[in-house]
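Listing of final_31.cif, mmCIF, C-alpha atoms and all ligand atoms
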```cif
data_model
loop_
_atom_site.group_PDB
_atom_site.id
_atom_site.type_symbol
_atom_site.label_atom_id
_atom_site.label_comp_id
_atom_site.auth_asym_id
_atom_site.auth_seq_id
_atom_site.Cartn_x
_atom_site.Cartn_y
_atom_site.Cartn_z
ATOM 1 C CA MET A 1 -143.196 -84.147 -107.653
ATOM 2 C CA LYS A 2 -145.256 -84.957 -110.729
ATOM 3 C CA PHE A 3 -148.940 -84.058 -110.755
ATOM 4 C CA ASP A 4 -150.810 -87.328 -111.316
ATOM 5 C CA LEU A 5 -154.491 -86.880 -112.135
ATOM 6 C CA ARG A 6 -155.195 -90.637 -112.031
ATOM 7 C CA GLN A 7 -153.826 -90.815 -108.509
ATOM 8 C CA LEU A 8 -156.161 -87.999 -107.460
ATOM 9 C CA PHE A 9 -159.106 -89.701 -109.153
ATOM 10 C CA ARG A 10 -158.381 -92.992 -107.421
ATOM 11 C CA LYS A 11 -158.267 -91.192 -104.070
ATOM 12 C CA LYS A 12 -161.593 -89.503 -104.708
ATOM 13 C CA GLN A 13 -163.255 -92.747 -105.721
ATOM 14 C CA VAL A 14 -162.616 -94.147 -102.250
ATOM 15 C CA GLN A 15 -165.412 -91.911 -100.926
ATOM 16 C CA GLU A 16 -168.288 -93.876 -102.376
ATOM 17 C CA PRO A 17 -171.863 -93.154 -101.347
ATOM 18 C CA VAL A 18 -172.611 -95.040 -98.167
ATOM 19 C CA GLN A 19 -175.708 -95.732 -96.142
ATOM 20 C CA VAL A 20 -174.197 -95.154 -92.754
ATOM 21 C CA LYS A 21 -174.709 -97.924 -90.265
ATOM 22 C CA ALA A 22 -171.416 -97.923 -88.468
ATOM 23 C CA MET A 23 -170.327 -95.686 -85.671
ATOM 24 C CA PRO A 24 -168.780 -92.380 -86.831
ATOM 25 C CA GLN A 25 -165.042 -92.762 -86.391
ATOM 26 C CA HIS A 26 -164.516 -89.030 -85.811
ATOM 27 C CA ILE A 27 -167.000 -86.908 -83.851
ATOM 28 C CA ALA A 28 -166.376 -83.185 -83.358
ATOM 29 C CA VAL A 29 -168.283 -81.027 -80.887
ATOM 30 C CA ILE A 30 -168.715 -77.266 -80.575
ATOM 31 C CA MET A 31 -168.988 -76.975 -76.786
ATOM 32 C CA ASP A 32 -171.363 -74.021 -76.733
ATOM 33 C CA GLY A 33 -173.891 -72.642 -74.259
ATOM 34 C CA ASN A 34 -171.884 -72.361 -71.030
ATOM 35 C CA GLY A 35 -172.717 -68.675 -70.594
ATOM 36 C CA ARG A 36 -176.455 -69.179 -71.042
ATOM 37 C CA TRP A 37 -176.394 -72.166 -68.692
ATOM 38 C CA ALA A 38 -174.901 -69.936 -65.982
ATOM 39 C CA LYS A 39 -177.250 -67.042 -66.726
ATOM 40 C CA GLN A 40 -180.298 -69.296 -66.341
ATOM 41 C CA ARG A 41 -179.079 -70.059 -62.824
ATOM 42 C CA GLY A 42 -178.179 -66.475 -61.907
ATOM 43 C CA LEU A 43 -174.480 -67.415 -61.840
ATOM 44 C CA PRO A 44 -171.485 -65.628 -63.420
ATOM 45 C CA ARG A 45 -170.574 -66.890 -66.921
ATOM 46 C CA THR A 46 -167.320 -68.315 -65.568
ATOM 47 C CA MET A 47 -169.337 -70.836 -63.511
ATOM 48 C CA GLY A 48 -170.844 -72.040 -66.766
ATOM 49 C CA HIS A 49 -167.339 -72.602 -68.132
ATOM 50 C CA LYS A 50 -166.414 -74.541 -64.991
ATOM 51 C CA HIS A 51 -169.370 -76.883 -65.430
ATOM 52 C CA GLY A 52 -168.688 -77.076 -69.156
ATOM 53 C CA ALA A 53 -165.104 -78.208 -68.500
ATOM 54 C CA ALA A 54 -166.308 -80.881 -66.068
ATOM 55 C CA ASN A 55 -168.784 -82.110 -68.643
ATOM 56 C CA PHE A 56 -166.073 -82.237 -71.273
ATOM 57 C CA LYS A 57 -164.253 -84.870 -69.194
ATOM 58 C CA ARG A 58 -167.415 -86.889 -68.771
ATOM 59 C CA ILE A 59 -168.364 -86.855 -72.456
ATOM 60 C CA ALA A 60 -164.807 -87.497 -73.707
ATOM 61 C CA ARG A 61 -164.589 -90.562 -71.464
ATOM 62 C CA TYR A 62 -167.981 -91.741 -72.602
ATOM 63 C CA ALA A 63 -167.039 -91.334 -76.267
ATOM 64 C CA ALA A 64 -163.888 -93.419 -75.701
ATOM 65 C CA SER A 65 -165.936 -96.081 -73.886
ATOM 66 C CA ILE A 66 -168.270 -96.596 -76.851
ATOM 67 C CA GLY A 67 -165.442 -96.927 -79.364
ATOM 68 C CA VAL A 68 -165.181 -93.461 -80.956
ATOM 69 C CA ARG A 69 -161.681 -93.288 -82.500
ATOM 70 C CA TYR A 70 -161.328 -89.489 -82.787
ATOM 71 C CA PHE A 71 -163.129 -86.935 -80.647
ATOM 72 C CA THR A 72 -162.425 -83.244 -81.273
ATOM 73 C CA VAL A 73 -163.787 -80.372 -79.226
ATOM 74 C CA TYR A 74 -163.892 -76.642 -79.819
ATOM 75 C CA ALA A 75 -162.849 -75.041 -76.536
ATOM 76 C CA PHE A 76 -161.633 -71.525 -77.502
ATOM 77 C CA SER A 77 -161.888 -69.803 -80.876
ATOM 78 C CA THR A 78 -159.665 -67.121 -82.407
ATOM 79 C CA GLU A 79 -162.698 -64.835 -82.019
ATOM 80 C CA ASN A 80 -163.192 -65.553 -78.315
ATOM 81 C CA TRP A 81 -160.464 -62.973 -77.473
ATOM 82 C CA ARG A 82 -163.200 -60.414 -78.127
ATOM 83 C CA ARG A 83 -164.762 -61.284 -74.781
ATOM 84 C CA PRO A 84 -164.109 -59.204 -71.649
ATOM 85 C CA ALA A 85 -160.563 -59.760 -70.302
ATOM 86 C CA GLU A 86 -162.010 -61.113 -67.075
ATOM 87 C CA GLU A 87 -163.790 -63.934 -68.906
ATOM 88 C CA VAL A 88 -160.796 -64.701 -71.161
ATOM 89 C CA ASN A 89 -158.480 -64.852 -68.132
ATOM 90 C CA ALA A 90 -160.900 -67.095 -66.269
ATOM 91 C CA LEU A 91 -161.008 -69.415 -69.286
ATOM 92 C CA ILE A 92 -157.194 -69.557 -69.494
ATOM 93 C CA ASP A 93 -157.003 -70.334 -65.752
ATOM 94 C CA LEU A 94 -159.564 -73.065 -66.267
ATOM 95 C CA PHE A 95 -157.584 -74.578 -69.161
ATOM 96 C CA ILE A 96 -154.450 -74.627 -66.976
ATOM 97 C CA GLN A 97 -156.318 -76.191 -64.060
ATOM 98 C CA TYR A 98 -157.995 -78.656 -66.370
ATOM 99 C CA LEU A 99 -154.776 -79.732 -68.072
ATOM 100 C CA VAL A 100 -152.957 -80.172 -64.750
ATOM 101 C CA GLU A 101 -155.763 -82.523 -63.706
ATOM 102 C CA ALA A 102 -155.888 -84.192 -67.110
ATOM 103 C CA GLU A 103 -152.188 -84.993 -67.027
ATOM 104 C CA ARG A 104 -152.881 -86.883 -63.801
ATOM 105 C CA ASP A 105 -156.362 -88.348 -64.452
ATOM 106 C CA PHE A 106 -156.041 -89.195 -68.105
ATOM 107 C CA SER A 107 -152.720 -90.974 -67.624
ATOM 108 C CA GLU A 108 -154.508 -94.309 -67.271
ATOM 109 C CA GLU A 109 -157.037 -93.653 -70.021
ATOM 110 C CA ASN A 110 -154.996 -94.598 -73.072
ATOM 111 C CA MET A 111 -156.090 -91.412 -74.883
ATOM 112 C CA ARG A 112 -153.814 -89.584 -77.272
ATOM 113 C CA VAL A 113 -154.248 -85.832 -76.877
ATOM 114 C CA ARG A 114 -153.627 -83.328 -79.659
ATOM 115 C CA PHE A 115 -154.089 -79.561 -79.618
ATOM 116 C CA LEU A 116 -155.264 -77.648 -82.675
ATOM 117 C CA GLY A 117 -154.759 -73.896 -82.898
ATOM 118 C CA ASP A 118 -152.158 -71.179 -82.404
ATOM 119 C CA VAL A 119 -151.244 -71.903 -78.807
ATOM 120 C CA ALA A 120 -148.289 -69.471 -78.846
ATOM 121 C CA ALA A 121 -150.791 -66.774 -77.842
ATOM 122 C CA PHE A 122 -151.276 -68.382 -74.413
ATOM 123 C CA PRO A 123 -149.169 -67.988 -71.236
ATOM 124 C CA GLU A 124 -145.979 -70.092 -71.104
ATOM 125 C CA LYS A 125 -147.431 -72.276 -68.346
ATOM 126 C CA LEU A 126 -150.317 -73.380 -70.534
ATOM 127 C CA GLN A 127 -147.984 -73.945 -73.502
ATOM 128 C CA ASP A 128 -145.743 -76.138 -71.311
ATOM 129 C CA LEU A 129 -148.704 -78.254 -70.249
ATOM 130 C CA ILE A 130 -149.813 -78.617 -73.858
ATOM 131 C CA ARG A 131 -146.347 -79.805 -74.926
ATOM 132 C CA THR A 132 -146.060 -82.210 -71.986
ATOM 133 C CA ILE A 133 -149.479 -83.769 -72.502
ATOM 134 C CA GLU A 134 -148.973 -84.183 -76.241
ATOM 135 C CA ALA A 135 -145.567 -85.784 -75.712
ATOM 136 C CA LYS A 136 -146.699 -88.079 -72.880
ATOM 137 C CA SER A 137 -149.751 -89.319 -74.754
ATOM 138 C CA ALA A 138 -148.198 -89.553 -78.231
ATOM 139 C CA ASP A 139 -147.728 -93.326 -78.259
ATOM 140 C CA ARG A 140 -151.130 -94.272 -76.871
ATOM 141 C CA ASP A 141 -153.359 -96.217 -79.227
ATOM 142 C CA GLY A 142 -156.779 -95.430 -77.755
ATOM 143 C CA MET A 143 -159.084 -92.568 -78.778
ATOM 144 C CA THR A 144 -157.431 -89.420 -80.125
ATOM 145 C CA LEU A 145 -158.773 -86.415 -78.276
ATOM 146 C CA GLY A 146 -158.373 -83.183 -80.245
ATOM 147 C CA ILE A 147 -158.680 -79.962 -78.258
ATOM 148 C CA CYS A 148 -159.111 -76.770 -80.292
ATOM 149 C CA LEU A 149 -157.569 -73.851 -78.417
ATOM 150 C CA ASN A 150 -157.219 -70.450 -80.084
ATOM 151 C CA TYR A 151 -158.483 -72.299 -83.136
ATOM 152 C CA GLY A 152 -160.055 -70.829 -86.256
ATOM 153 C CA GLY A 153 -160.741 -72.621 -89.532
ATOM 154 C CA ARG A 154 -159.638 -69.624 -91.610
ATOM 155 C CA PRO A 155 -156.337 -69.103 -89.746
ATOM 156 C CA GLU A 156 -155.716 -72.856 -90.138
ATOM 157 C CA ILE A 157 -156.190 -72.704 -93.929
ATOM 158 C CA THR A 158 -154.082 -69.517 -94.045
ATOM 159 C CA HIS A 159 -151.321 -71.353 -92.155
ATOM 160 C CA ALA A 160 -151.407 -74.198 -94.718
ATOM 161 C CA ALA A 161 -151.325 -71.697 -97.621
ATOM 162 C CA ARG A 162 -148.245 -70.015 -96.122
ATOM 163 C CA LYS A 163 -146.438 -73.341 -95.720
ATOM 164 C CA LEU A 164 -147.056 -74.212 -99.370
ATOM 165 C CA ALA A 165 -146.112 -70.694 -100.494
ATOM 166 C CA GLU A 166 -142.767 -71.137 -98.707
ATOM 167 C CA GLN A 167 -142.152 -74.316 -100.714
ATOM 168 C CA VAL A 168 -143.037 -72.506 -103.938
ATOM 169 C CA LYS A 169 -140.705 -69.639 -103.004
ATOM 170 C CA ALA A 170 -137.894 -72.120 -102.336
ATOM 171 C CA GLY A 171 -138.420 -73.602 -105.791
ATOM 172 C CA ALA A 172 -139.515 -76.986 -104.411
ATOM 173 C CA LEU A 173 -143.058 -76.785 -105.729
ATOM 174 C CA GLU A 174 -144.919 -75.301 -108.718
ATOM 175 C CA PRO A 175 -148.249 -73.572 -107.971
ATOM 176 C CA GLU A 176 -150.079 -75.885 -110.397
ATOM 177 C CA GLN A 177 -148.785 -78.913 -108.485
ATOM 178 C CA ILE A 178 -150.709 -77.909 -105.351
ATOM 179 C CA THR A 179 -153.432 -80.441 -104.571
ATOM 180 C CA GLU A 180 -156.204 -80.707 -101.992
ATOM 181 C CA GLU A 181 -154.203 -83.465 -100.317
ATOM 182 C CA MET A 182 -151.259 -81.077 -99.890
ATOM 183 C CA ILE A 183 -153.459 -78.483 -98.231
ATOM 184 C CA SER A 184 -154.914 -81.167 -95.927
ATOM 185 C CA ALA A 185 -151.366 -82.280 -95.114
ATOM 186 C CA HIS A 186 -150.472 -78.778 -93.868
ATOM 187 C CA LEU A 187 -153.413 -78.282 -91.529
ATOM 188 C CA TYR A 188 -152.732 -78.359 -87.769
ATOM 189 C CA CYS A 189 -153.263 -82.118 -87.309
ATOM 190 C CA PRO A 190 -153.016 -83.888 -90.663
ATOM 191 C CA ASP A 191 -153.067 -87.272 -88.920
ATOM 192 C CA ILE A 192 -156.646 -86.690 -87.728
ATOM 193 C CA PRO A 193 -159.211 -87.642 -90.421
ATOM 194 C CA ASP A 194 -162.082 -85.316 -91.373
ATOM 195 C CA PRO A 195 -164.983 -85.423 -88.910
ATOM 196 C CA ASP A 196 -167.867 -87.719 -89.876
ATOM 197 C CA LEU A 197 -170.224 -86.009 -87.463
ATOM 198 C CA ILE A 198 -170.207 -82.456 -86.069
ATOM 199 C CA ILE A 199 -172.474 -81.772 -83.123
ATOM 200 C CA ARG A 200 -173.393 -78.273 -81.946
ATOM 201 C CA PRO A 201 -175.405 -77.994 -78.768
ATOM 202 C CA SER A 202 -176.860 -74.666 -77.500
ATOM 203 C CA GLY A 203 -179.324 -74.088 -80.332
ATOM 204 C CA GLU A 204 -177.031 -71.964 -82.521
ATOM 205 C CA LEU A 205 -177.092 -73.015 -86.177
ATOM 206 C CA ARG A 206 -173.626 -72.082 -87.403
ATOM 207 C CA LEU A 207 -170.040 -73.336 -87.599
ATOM 208 C CA SER A 208 -168.373 -70.283 -86.006
ATOM 209 C CA ASN A 209 -165.089 -70.901 -87.878
ATOM 210 C CA PHE A 210 -164.813 -74.568 -86.780
ATOM 211 C CA LEU A 211 -163.018 -77.102 -89.051
ATOM 212 C CA LEU A 212 -164.025 -75.257 -92.235
ATOM 213 C CA TRP A 213 -161.832 -77.318 -94.559
ATOM 214 C CA GLN A 214 -162.462 -80.658 -92.845
ATOM 215 C CA ALA A 215 -166.255 -80.201 -92.636
ATOM 216 C CA ALA A 216 -166.787 -80.387 -96.419
ATOM 217 C CA TYR A 217 -168.761 -83.631 -96.156
ATOM 218 C CA SER A 218 -169.444 -83.906 -92.426
ATOM 219 C CA GLU A 219 -172.926 -84.669 -91.153
ATOM 220 C CA PHE A 220 -174.338 -82.038 -88.770
ATOM 221 C CA VAL A 221 -176.509 -82.443 -85.716
ATOM 222 C CA PHE A 222 -177.681 -79.277 -83.959
ATOM 223 C CA MET A 223 -179.198 -79.785 -80.526
ATOM 224 C CA ASN A 224 -181.215 -77.628 -78.177
ATOM 225 C CA VAL A 225 -179.262 -78.451 -75.064
ATOM 226 C CA LEU A 226 -176.638 -76.255 -73.382
ATOM 227 C CA TRP A 227 -173.158 -77.795 -73.223
ATOM 228 C CA PRO A 228 -172.943 -78.248 -69.403
ATOM 229 C CA ASP A 229 -176.170 -80.302 -69.631
ATOM 230 C CA PHE A 230 -175.096 -82.305 -72.695
ATOM 231 C CA SER A 231 -175.356 -85.949 -71.620
ATOM 232 C CA PRO A 232 -174.125 -89.338 -72.847
ATOM 233 C CA GLU A 233 -177.744 -89.875 -74.002
ATOM 234 C CA ASN A 234 -177.486 -86.730 -76.151
ATOM 235 C CA LEU A 235 -174.322 -88.126 -77.723
ATOM 236 C CA GLU A 236 -176.097 -91.423 -78.432
ATOM 237 C CA GLU A 237 -179.029 -89.495 -79.926
ATOM 238 C CA ALA A 238 -176.691 -87.592 -82.279
ATOM 239 C CA ILE A 239 -174.977 -90.854 -83.287
ATOM 240 C CA ASP A 240 -178.407 -92.411 -83.957
ATOM 241 C CA GLN A 241 -179.271 -89.512 -86.261
ATOM 242 C CA TYR A 242 -175.943 -89.966 -88.031
ATOM 243 C CA THR A 243 -176.334 -93.708 -88.550
ATOM 244 C CA GLY A 244 -179.737 -93.139 -90.165
ATOM 245 C CA ARG A 245 -178.317 -90.863 -92.856
ATOM 246 C CA ASN A 246 -177.251 -91.505 -96.396
ATOM 247 C CA ARG A 247 -173.833 -89.972 -97.165
ATOM 248 C CA ARG A 248 -173.549 -89.446 -100.896
ATOM 249 C CA PHE A 249 -170.329 -87.394 -101.268
ATOM 250 C CA GLY A 250 -171.758 -85.930 -104.447
ATOM 251 C CA GLY A 251 -172.665 -89.309 -105.920
ATOM 252 C CA VAL A 252 -176.132 -90.761 -106.356
HETATM 253 C C1 LIG A 301 -168.879 -71.876 -75.038
HETATM 254 O O1 LIG A 301 -169.877 -71.294 -74.284
HETATM 255 C C2 LIG A 301 -167.529 -71.725 -74.430
HETATM 256 C C3 LIG A 301 -166.625 -70.827 -75.159
HETATM 257 C C4 LIG A 301 -166.891 -70.219 -76.258
HETATM 258 C C5 LIG A 301 -165.325 -70.590 -74.563
HETATM 259 P P1 LIG A 301 -170.247 -69.749 -74.433
HETATM 260 O O2 LIG A 301 -169.440 -68.986 -73.445
HETATM 261 O O3 LIG A 301 -170.148 -69.302 -75.819
HETATM 262 O O4 LIG A 301 -171.762 -69.781 -73.960
HETATM 263 P P2 LIG A 301 -172.945 -68.914 -74.554
HETATM 264 O O5 LIG A 301 -172.990 -69.204 -76.015
HETATM 265 O O6 LIG A 301 -172.634 -67.480 -74.263
HETATM 266 O O7 LIG A 301 -174.156 -69.410 -73.838
HETATM 267 C C1 LIG A 302 -167.938 -71.213 -80.693
HETATM 268 O O1 LIG A 302 -168.819 -70.647 -79.796
HETATM 269 C C2 LIG A 302 -166.600 -71.392 -80.045
HETATM 270 C C3 LIG A 302 -166.532 -72.374 -78.966
HETATM 271 C C4 LIG A 302 -167.510 -73.109 -78.515
HETATM 272 C C5 LIG A 302 -165.261 -72.520 -78.362
HETATM 273 P P1 LIG A 302 -169.088 -69.073 -79.727
HETATM 274 O O2 LIG A 302 -170.068 -68.889 -78.636
HETATM 275 O O3 LIG A 302 -167.803 -68.354 -79.610
HETATM 276 O O4 LIG A 302 -169.725 -68.787 -81.152
HETATM 277 P P2 LIG A 302 -170.676 -67.608 -81.630
HETATM 278 O O5 LIG A 302 -170.051 -66.333 -81.186
HETATM 279 O O6 LIG A 302 -172.010 -67.826 -80.988
HETATM 280 O O7 LIG A 302 -170.753 -67.778 -83.111
HETATM 281 MG MG MG A 303 -171.462 -69.265 -77.361
#
```
Would you mind giving the structure from this file in structure tokens?
Ligand code: IPE
Ligand code: IPE
Ligand code: MG
Amino acid sequence: MKFDLRQLFRKKQVQEPVQVKAMPQHIAVIMDGNGRWAKQRGLPRTMGHKHGAANFKRIARYAASIGVRYFTVYAFSTENWRRPAEEVNALIDLFIQYLVEAERDFSEENMRVRFLGDVAAFPEKLQDLIRTIEAKSADRDGMTLGICLNYGGRPEITHAARKLAEQVKAGALEPEQITEEMISAHLYCPDIPDPDLIIRPSGELRLSNFLLWQAAYSEFVFMNVLWPDFSPENLEEAIDQYTGRNRRFGGV
């Protein structure tokens, strides 16, 4: 493949400064604050996760109903294994339970479901569900729901670097031919565009290893609400903030 600088320049020019008025086509959410939600009620943290999972269904459906094309959620990070085994196991059980229900309930929803992350670390049962749901929903043309499980932005970029290094080793690619587009093409879900809007509830002001590469020009909305309480109105509020912004992509 020949390195074509003009091609790259043309691609970059597509991202012209825009005063956003339209709906963000891709919204990503860091579903944070389940533990604190439970603590405030004197409940075990796992109850917070249960309510958080129920709210995930509600908000994903709402996003689809208002015309969001891509909705990606951060459900379990590569760092979340640091939590007590009891909590990690409860989360895995919840994912299994949730996906069994989702296979049934979401079958009429016309959503395409994709999983982002190294799911090989999970029990076989969960991996089977992931494969089944991805395969069953692959041809749907409604909203794409991305679920980040055992996801980390750095491991994702590392994975892409390894894939390209393999091509270099095989003699199919020269290091100087590597472009940003090639790295993007080797991320977990290259068919999902970069998020326009990233929302983090719970009051924390950080990315926690979420979509590091894809977030280069995302708009951020941080909200002081815990995930189980995050409502359709909160989503509308975040979208309102987004539509009022001026995205410059480095231009003027
Ligand atoms: C987010 O809620 C869910 C996961 C990370 C799995 P937390 O469990 O992080 O809740 P807080 O941040 O402790 O309140
Ligand atoms: C980020 O939340 C991960 C998910 C919501 C799945 P964390 O609660 O793990 O993040 P930190 O530890 O506060 O940065
Ligand atoms: Mg947290």
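Residues of protein, DNA or RNA having any atom at most 9 Å from ligand LIG 301 (chain A), counting only C-alpha atoms and all ligand atoms, are Ile30, Met31, Asp32, Gly33, Asn34, Gly35, Arg36, Trp37, Ala38, Lys39, Arg45, Thr46, Gly48, His49, Gly52, Tyr74, Ala75, Phe76, Ser77, Glu79, Asn80, Glu87, Val88, Leu91, Ser202, Glu204, Leu226 and Trp227 of chain A.
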Result set of the PyMOL selection byres (((chain A and resi 106) around 12) and not hetatm) on the coordinates above, as a list in words: Lys57, Arg58, Ala60, Arg61, Ala64, Tyr98, Leu99, Val100, Glu101, Ala102, Glu103, Arg104, Asp105, Ser107, Glu108, Glu109, Asn110, Met111, Arg112, Val113, Ile133, Glu134, Lys136, Ser137, Arg140, Gly142, Met143 and Leu145 of chain A
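The closest residue to Asp118 in chain A, picked from A:Glu156, A:Glu174, A:Glu237, A:Glu219 and counting all atoms listed in the file, is A:Glu156.
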Near range 239-250 of chain A, 12 Å: range 114-200 of chain A residue rows, closest pairs, all atoms listed in the file, as JSON lines:
```
{"residue": "A:Pro195", "atom": "CA", "partner": "A:Tyr242", "partner_atom": "CA", "distance": 11.9}
{"residue": "A:Asp196", "atom": "CA", "partner": "A:Tyr242", "partner_atom": "CA", "distance": 8.6}
{"residue": "A:Leu197", "atom": "CA", "partner": "A:Tyr242", "partner_atom": "CA", "distance": 7.0}
{"residue": "A:Ile198", "atom": "CA", "partner": "A:Tyr242", "partner_atom": "CA", "distance": 9.7}
{"residue": "A:Ile199", "atom": "CA", "partner": "A:Ile239", "partner_atom": "CA", "distance": 9.4}
```
Excluding same-chain residues fewer than 6 positions from range 121-130 of chain A, what lies within 8 Å of it counting all atoms listed in the file, as a PyMOL selection string? chain A and resi 92+95-96+99-100+115+150
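CA of Leu211 in chain A is found 9.6 Å from CA of Cys148 in chain A.
Between Gln214 in chain A and the candidates A:Glu236, A:Asp194, A:Asp139, A:Glu166, the tightest atom-to-atom separation, counting only C-alpha atoms, involves A:Asp194.
Among the candidate residues A:Gly152, A:Glu86, A:Lys21, A:His186, the one lying nearest to Leu207 in chain A is A:Gly152, with distances computed using only C-alpha atoms.
The spacing separating CA of Thr78 in chain A from CA of Cys189 in chain A amounts to 17.0 Å.
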Show me the residues close to (-155.8, -88.8, -86.5) - anything with an atom within 9 Å, counting only C-alpha atoms - and format the list as number ranges by chain. A: 26, 69-70, 144, 146, 189-194
Return as JSON the centre and edge lengths, in Å with one decimal, of the box along x, y and z that encloses every atom of range 31-38 of chain A in the file, padded by 8 Å per side.
```
{"center_x": -172.7, "center_y": -72.8, "center_z": -71.4, "size_x": 23.5, "size_y": 24.3, "size_z": 26.8}
```
